[in-house]
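Everything on this sheet refers to the single structure shown next.
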Amino acid sequence: MGMVKKGISETCYRFFSTLANPTRLAALETLMDKPMNVTQLVETLGQEQSMVSHNLRPLVRCQFVHVERKGRERFYSINHETVDPLFKVIENHVVNYCPSGGECLDREK
């Protein structure tokens with residue numbers, strides 16, 4: 001395995017491990033509709049503000065989510081360039097290869 005491959009696999013691991021969190025995925029799905037501030041996200045997700053804020057940080061750091069200040073508020077919006085195709089690939093995979101509704105995830109047990 002060459003250096004380039006190793007670099008890609010490490011980056012890929014960080015990419016997916018950033019996303020592999022139910023709160024972050026729910027936040028991404030929620031932000032697909034429209035930009036929101038933390039209060040709106042907290043209400044929509046039904047989670048503590050500290051939990052939502054904590055999980056927004058890596059999404060912003062890795063630029064899955066953009067943040068824009070409007071006065072005292074920070075509005076979070078989806079990085080559609082990255083997230084739209086990603087969700088489309090997942091949706092396509094589920095439709096074509098997960099007819100059992102995700103049973104493949106339970107095979108390990």
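In the structure tokens, chains take the letters A, B, ... in the order shown, each chain's residues start at 1, and ligands count up from 1 in the order shown.
Of the residues in stretch 57-95 of chain A, those that DSSP places in helix (DSSP H, G or I) on the basis of the backbone are Arg57, Pro58, Leu59, Val60, Arg61, His80, Glu81, Thr82, Val83, Asp84, Pro85, Leu86, Phe87, Lys88, Val89, Ile90, Glu91, Asn92, His93, Val94 and Val95 of chain A.
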Determine which residues of chain A receive a DSSP assignment of strand (DSSP E), computed from the backbone, and state them as an NGL selection string. :A and (65-70 or 73-78)
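The gap separating atom CA of A:Cys12 from atom CA of A:Ser53 is 23.8 Å, in Å to one decimal.
Pairwise distance (atom CA of A:Val67, atom CA of A:Phe16) equals 20.6 Å.
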Q | Residues near A:Glu29, cut-off 12 Å, only C-alpha atoms, skip fewer than 3 positions along chain, as a list of chain:residue names | A | A:Leu19, A:Pro22, A:Thr23, A:Arg24, A:Leu25, A:Ala26, A:Met32, A:Asp33, A:Lys34, A:Pro35, A:Met36, A:Leu41, A:Thr44, A:Leu45, A:Phe64, A:Val65, A:Ser77, A:Ile78, A:Asn79, A:His80, A:Val83, A:Asp84, A:Leu86, A:Phe87
Would you save the residues from that selection as a PDB file, in the first residue's frame, using N, CA and C atoms?
ATOM      1  N   LEU A  19     -19.067  11.522  10.744  1.00  0.00           N
ATOM      2  CA  LEU A  19     -20.490  11.356  10.421  1.00  0.00           C
ATOM      3  C   LEU A  19     -21.162  10.247  11.223  1.00  0.00           C
ATOM      4  N   PRO A  22     -25.381   9.414  15.650  1.00  0.00           N
ATOM      5  CA  PRO A  22     -26.808   9.649  15.410  1.00  0.00           C
ATOM      6  C   PRO A  22     -27.228  11.114  15.517  1.00  0.00           C
ATOM      7  N   THR A  23     -26.660  11.851  16.477  1.00  0.00           N
ATOM      8  CA  THR A  23     -27.022  13.265  16.635  1.00  0.00           C
ATOM      9  C   THR A  23     -26.539  14.081  15.444  1.00  0.00           C
ATOM     10  N   ARG A  24     -25.320  13.815  14.984  1.00  0.00           N
ATOM     11  CA  ARG A  24     -24.775  14.556  13.838  1.00  0.00           C
ATOM     12  C   ARG A  24     -25.557  14.250  12.576  1.00  0.00           C
ATOM     13  N   LEU A  25     -25.895  12.980  12.380  1.00  0.00           N
ATOM     14  CA  LEU A  25     -26.674  12.616  11.191  1.00  0.00           C
ATOM     15  C   LEU A  25     -28.063  13.249  11.234  1.00  0.00           C
ATOM     16  N   ALA A  26     -28.679  13.268  12.408  1.00  0.00           N
ATOM     17  CA  ALA A  26     -29.994  13.903  12.556  1.00  0.00           C
ATOM     18  C   ALA A  26     -29.898  15.407  12.284  1.00  0.00           C
ATOM     19  N   MET A  32     -30.960  19.867   6.006  1.00  0.00           N
ATOM     20  CA  MET A  32     -31.192  19.729   4.560  1.00  0.00           C
ATOM     21  C   MET A  32     -32.325  20.664   4.124  1.00  0.00           C
ATOM     22  N   ASP A  33     -33.300  20.865   5.013  1.00  0.00           N
ATOM     23  CA  ASP A  33     -34.463  21.688   4.676  1.00  0.00           C
ATOM     24  C   ASP A  33     -34.143  23.176   4.642  1.00  0.00           C
ATOM     25  N   LYS A  34     -33.444  23.655   5.679  1.00  0.00           N
ATOM     26  CA  LYS A  34     -33.147  25.093   5.762  1.00  0.00           C
ATOM     27  C   LYS A  34     -32.103  25.332   6.842  1.00  0.00           C
ATOM     28  N   PRO A  35     -31.376  26.454   6.747  1.00  0.00           N
ATOM     29  CA  PRO A  35     -30.438  26.820   7.805  1.00  0.00           C
ATOM     30  C   PRO A  35     -31.191  27.065   9.110  1.00  0.00           C
ATOM     31  N   MET A  36     -30.540  26.754  10.229  1.00  0.00           N
ATOM     32  CA  MET A  36     -31.155  26.939  11.544  1.00  0.00           C
ATOM     33  C   MET A  36     -30.117  27.405  12.543  1.00  0.00           C
ATOM     34  N   LEU A  41     -32.456  23.959  16.151  1.00  0.00           N
ATOM     35  CA  LEU A  41     -31.973  22.580  16.072  1.00  0.00           C
ATOM     36  C   LEU A  41     -32.316  21.803  17.338  1.00  0.00           C
ATOM     37  N   THR A  44     -36.005  20.956  17.240  1.00  0.00           N
ATOM     38  CA  THR A  44     -36.303  19.949  16.220  1.00  0.00           C
ATOM     39  C   THR A  44     -35.776  18.571  16.615  1.00  0.00           C
ATOM     40  N   LEU A  45     -34.559  18.530  17.164  1.00  0.00           N
ATOM     41  CA  LEU A  45     -33.926  17.258  17.508  1.00  0.00           C
ATOM     42  C   LEU A  45     -34.368  16.726  18.868  1.00  0.00           C
ATOM     43  N   PHE A  64     -18.811  19.931   6.878  1.00  0.00           N
ATOM     44  CA  PHE A  64     -20.067  19.328   6.439  1.00  0.00           C
ATOM     45  C   PHE A  64     -21.179  20.360   6.629  1.00  0.00           C
ATOM     46  N   VAL A  65     -20.949  21.270   7.577  1.00  0.00           N
ATOM     47  CA  VAL A  65     -21.898  22.326   7.915  1.00  0.00           C
ATOM     48  C   VAL A  65     -21.140  23.650   7.917  1.00  0.00           C
ATOM     49  N   SER A  77     -25.827  25.877   8.227  1.00  0.00           N
ATOM     50  CA  SER A  77     -26.402  25.418   6.963  1.00  0.00           C
ATOM     51  C   SER A  77     -25.559  24.266   6.425  1.00  0.00           C
ATOM     52  N   ILE A  78     -26.206  23.444   5.652  1.00  0.00           N
ATOM     53  CA  ILE A  78     -25.575  22.238   5.115  1.00  0.00           C
ATOM     54  C   ILE A  78     -24.589  22.598   4.000  1.00  0.00           C
ATOM     55  N   ASN A  79     -23.513  21.862   3.888  1.00  0.00           N
ATOM     56  CA  ASN A  79     -22.614  21.969   2.734  1.00  0.00           C
ATOM     57  C   ASN A  79     -23.212  21.040   1.670  1.00  0.00           C
ATOM     58  N   HIS A  80     -24.088  21.598   0.849  1.00  0.00           N
ATOM     59  CA  HIS A  80     -24.820  20.783  -0.129  1.00  0.00           C
ATOM     60  C   HIS A  80     -23.896  20.089  -1.131  1.00  0.00           C
ATOM     61  N   VAL A  83     -22.723  16.981   1.085  1.00  0.00           N
ATOM     62  CA  VAL A  83     -23.722  16.164   1.761  1.00  0.00           C
ATOM     63  C   VAL A  83     -24.790  15.626   0.804  1.00  0.00           C
ATOM     64  N   ASP A  84     -25.231  16.414  -0.172  1.00  0.00           N
ATOM     65  CA  ASP A  84     -26.273  15.947  -1.101  1.00  0.00           C
ATOM     66  C   ASP A  84     -25.865  14.665  -1.837  1.00  0.00           C
ATOM     67  N   LEU A  86     -23.595  12.531  -1.035  1.00  0.00           N
ATOM     68  CA  LEU A  86     -23.373  11.490  -0.036  1.00  0.00           C
ATOM     69  C   LEU A  86     -24.700  10.832   0.357  1.00  0.00           C
ATOM     70  N   PHE A  87     -25.706  11.637   0.671  1.00  0.00           N
ATOM     71  CA  PHE A  87     -27.018  11.102   1.032  1.00  0.00           C
ATOM     72  C   PHE A  87     -27.644  10.348  -0.145  1.00  0.00           C
TER      73      PHE A  87
END
Write out as an MDAnalysis selection string each polymer residue whose atoms come within 12 Å of A:Thr39, counting only C-alpha atoms; drop sequence neighbours fewer than 3 positions from it. chainID A and resid 35:36 42:53 73:76
Deliver the residues from the most recent selection as a file, using C-alpha atoms, as a CSV table (one decimal), in the first residue's frame.
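Produced file selection_10.csv, reproduced below:
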chain,number,residue,atom,x,y,z
A,35,PRO,CA,-30.4,26.8,7.8
A,36,MET,CA,-31.2,26.9,11.5
A,42,VAL,CA,-32.4,21.8,19.8
A,43,GLU,CA,-36.3,22.1,19.4
A,44,THR,CA,-36.3,19.9,16.2
A,45,LEU,CA,-33.9,17.3,17.5
A,46,GLY,CA,-35.3,17.2,21.0
A,47,GLN,CA,-31.9,17.1,22.6
A,48,GLU,CA,-30.0,19.2,25.2
A,49,GLN,CA,-28.4,22.4,23.8
A,50,SER,CA,-25.0,21.2,25.1
A,51,MET,CA,-25.3,18.0,23.1
A,52,VAL,CA,-26.4,19.7,19.9
A,53,SER,CA,-23.6,22.3,20.2
A,73,GLU,CA,-26.9,34.4,16.4
A,74,ARG,CA,-25.1,31.7,14.5
A,75,PHE,CA,-26.9,30.0,11.7
A,76,TYR,CA,-25.9,26.5,10.5
The distance between atom CA of A:Val60 and atom CA of A:Val89 is 21.7 Å
